[in-house]
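These notes are about the structure you will find just below.
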Amino acid sequence: QVKLVESGGGLVQPGGSLRLSCAASRSTFSINILGWFRQAPGKERDLVATISNGGRTVYADSVKGRFTISRDNAKSTVYLEMTNLKREDTAVYYCNARTVLENYWGQGTQVTVSS
């Protein structure tokens with residue numbers, strides 16, 4: 001079992017920045033893929049970014065060049081650095097941890113981009 005706890009969400013103006021963190025309850029050395037997904041009201045949950053244990057990253061086209069995912073296995077934490085935020089980035093952001101046999105989700109953190 002892995003418990004994931006997100007933090008760092010909040011209200012930010014367009015063009016602003018936020019850094020999300022997701023702390024795992026066990027070592028992430030054994031977790032193949034860590035990622036961030038988001039769900040806006042009335043929409044499906046979509047991929048934002050993932051990072052493998054080897055450091056390979058994947059980003060949604062809508063966030064490329066603005067968001068950066070990173071992981072610190074020593075701290076069992078995955079981060080999402082978000083810059084140049086847009087109103088359409090408003091959503092609940094969920095942390096995800098995936099191995100061959102396991103798939104875990106955090107409870108989510110709200111990000112609202114508004115002036």
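The chains in the structure tokens are called A, B, ... from first to last as shown; in each chain the residues are counted from 1, and the ligands are counted from 1 in the order shown.
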
Every residue of stretch 10-111 of chain A that DSSP places in helix (DSSP H, G or I), as a PDB file with C-alpha atoms, in the first residue's frame:
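Once everything was written out, this is states27.pdb:
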```pdb
ATOM      1  CA  THR A  28       9.578   5.614  -4.127  1.00  0.00           C
ATOM      2  CA  PHE A  29      12.709   3.753  -5.211  1.00  0.00           C
ATOM      3  CA  SER A  30      10.418   0.799  -6.000  1.00  0.00           C
ATOM      4  CA  ASP A  61       1.055  19.086 -25.001  1.00  0.00           C
ATOM      5  CA  SER A  62      -0.894  21.772 -23.162  1.00  0.00           C
ATOM      6  CA  VAL A  63       1.747  22.096 -20.429  1.00  0.00           C
ATOM      7  CA  ASN A  73      13.398   9.241  -4.166  1.00  0.00           C
ATOM      8  CA  ALA A  74      15.412  10.006  -1.029  1.00  0.00           C
ATOM      9  CA  LYS A  75      12.455  12.096   0.164  1.00  0.00           C
ATOM     10  CA  ARG A  87      -7.098  29.970 -16.497  1.00  0.00           C
ATOM     11  CA  GLU A  88      -7.507  26.646 -18.281  1.00  0.00           C
ATOM     12  CA  ASP A  89      -5.049  25.069 -15.829  1.00  0.00           C
TER      13      ASP A  89
END
```

Could you build a table of the residues in stretch 27-113 of chain A lying no more than 7 Å from stretch 2-12 of chain A, giving for each the nearest pair of atoms and their separation in Å rounded to one decimal place, using only C-alpha atoms, ordered by chain and ascending residue number, as a tab-separated table?
```
residue	atom	partner	partner_atom	distance
A:Cys95	CA	A:Glu6	CA	6.7
A:Tyr104	CA	A:Val2	CA	6.7
A:Trp105	CA	A:Leu4	CA	6.5
A:Gly106	CA	A:Leu4	CA	4.6
A:Gln107	CA	A:Val5	CA	7.0
A:Gly108	CA	A:Glu6	CA	6.2
A:Thr109	CA	A:Gly9	CA	5.4
A:Gln110	CA	A:Gly9	CA	5.4
A:Val111	CA	A:Gly9	CA	5.0
A:Thr112	CA	A:Leu11	CA	4.8
A:Val113	CA	A:Val12	CA	5.0
```

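The spacing separating atom CA of A:Glu81 from atom CA of A:Glu102 amounts to 25.5 Å.
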
9 Å contact set for A:Thr77, only C-alpha atoms, chain neighbours under 3 positions out, as an mmCIF file with C-alpha atoms, in the first residue's frame:
```cif
data_model
loop_
_atom_site.group_PDB
_atom_site.id
_atom_site.type_symbol
_atom_site.label_atom_id
_atom_site.label_comp_id
_atom_site.auth_asym_id
_atom_site.auth_seq_id
_atom_site.Cartn_x
_atom_site.Cartn_y
_atom_site.Cartn_z
ATOM 1 C CA SER A 21 4.398 18.305 -3.904
ATOM 2 C CA CYS A 22 3.282 14.733 -3.364
ATOM 3 C CA ALA A 23 4.720 12.756 -0.487
ATOM 4 C CA ALA A 24 4.500 8.966 -0.542
ATOM 5 C CA SER A 27 10.065 4.636 -0.498
ATOM 6 C CA THR A 28 9.578 5.614 -4.127
ATOM 7 C CA SER A 70 10.721 15.938 -10.873
ATOM 8 C CA ARG A 71 11.153 13.268 -8.231
ATOM 9 C CA ASP A 72 13.341 12.894 -5.162
ATOM 10 C CA ASN A 73 13.398 9.241 -4.166
ATOM 11 C CA ALA A 74 15.412 10.006 -1.029
#
```

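For the residues A:Ser76, A:Thr90, A:Arg45, A:Asn32, ranking by smallest atom-to-atom distance to A:Ser114 using only C-alpha atoms places A:Thr90 first.
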
Shell of 12 Å around A:Ala49, only C-alpha atoms, local chain residues under 5 positions omitted, as an MDAnalysis selection string: chainID A and resid 33:38 56:71 78:82 93:97

Could you write out that same residue set with C-alpha atoms as an mmCIF file, in the first residue's frame?
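This is the output file selection.cif:
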```cif
data_model
loop_
_atom_site.group_PDB
_atom_site.id
_atom_site.type_symbol
_atom_site.label_atom_id
_atom_site.label_comp_id
_atom_site.auth_asym_id
_atom_site.auth_seq_id
_atom_site.Cartn_x
_atom_site.Cartn_y
_atom_site.Cartn_z
ATOM 1 C CA ILE A 33 6.138 5.775 -12.562
ATOM 2 C CA LEU A 34 5.148 8.849 -10.586
ATOM 3 C CA GLY A 35 2.836 11.357 -12.161
ATOM 4 C CA TRP A 36 0.356 14.169 -12.004
ATOM 5 C CA PHE A 37 -3.115 14.179 -13.484
ATOM 6 C CA ARG A 38 -5.817 16.830 -13.331
ATOM 7 C CA ARG A 56 12.219 9.831 -18.373
ATOM 8 C CA THR A 57 9.441 12.420 -18.518
ATOM 9 C CA VAL A 58 6.212 12.695 -20.477
ATOM 10 C CA TYR A 59 4.119 15.865 -20.674
ATOM 11 C CA ALA A 60 0.710 16.766 -22.015
ATOM 12 C CA ASP A 61 1.055 19.086 -25.001
ATOM 13 C CA SER A 62 -0.894 21.772 -23.162
ATOM 14 C CA VAL A 63 1.747 22.096 -20.429
ATOM 15 C CA LYS A 64 4.994 21.538 -22.329
ATOM 16 C CA GLY A 65 7.441 24.349 -21.708
ATOM 17 C CA ARG A 66 5.480 25.584 -18.674
ATOM 18 C CA PHE A 67 5.409 22.648 -16.227
ATOM 19 C CA THR A 68 8.298 20.572 -14.928
ATOM 20 C CA ILE A 69 7.965 17.255 -13.105
ATOM 21 C CA SER A 70 10.721 15.938 -10.873
ATOM 22 C CA ARG A 71 11.153 13.268 -8.231
ATOM 23 C CA VAL A 78 7.351 13.965 -6.598
ATOM 24 C CA TYR A 79 7.024 17.616 -7.572
ATOM 25 C CA LEU A 80 5.252 19.607 -10.243
ATOM 26 C CA GLU A 81 6.634 23.062 -10.911
ATOM 27 C CA MET A 82 4.012 25.102 -12.768
ATOM 28 C CA TYR A 93 -4.490 17.937 -9.403
ATOM 29 C CA TYR A 94 -3.957 14.307 -8.437
ATOM 30 C CA CYS A 95 -0.725 12.508 -7.711
ATOM 31 C CA ASN A 96 -0.332 8.983 -9.106
ATOM 32 C CA ALA A 97 2.089 6.166 -8.294
#
```

Of the listed residues A:Thr99, A:Thr50, A:Asn84, A:Ser115, that which approaches A:Gln1 most closely, counting only C-alpha atoms: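 Among the listed residues, A:Thr99 lies closest to A:Gln1.
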
re atom CA of A:Leu20 and atom CA of A:Leu85: distance 12.9 Å

In terms of the shortest atom-to-atom distance over only C-alpha atoms, which of A:Ile31, A:Lys86, A:Asn53, A:Glu44 is closest to A:Leu101?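 For A:Leu101, the nearest of the given residues is A:Ile31.
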
Quick check, in Å to one decimal: how far apart do atom CA of A:Ser25 and atom CA of A:Asn103 lie?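 Pair atom CA of A:Ser25 / atom CA of A:Asn103 returns 13.9 Å.
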
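Remark: for A:Gly16, the closest of the candidate residues A:Ser52, A:Arg98, A:Thr83, A:Val92 is A:Thr83 (distances computed over only C-alpha atoms).
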
Apply DSSP to the structure's backbone, then extract all residues of stretch 41-106 of chain A labelled strand (DSSP E) and return them as a ChimeraX atom specification. /A:46-52,57-59,67-72,77-82,91-98,103-105
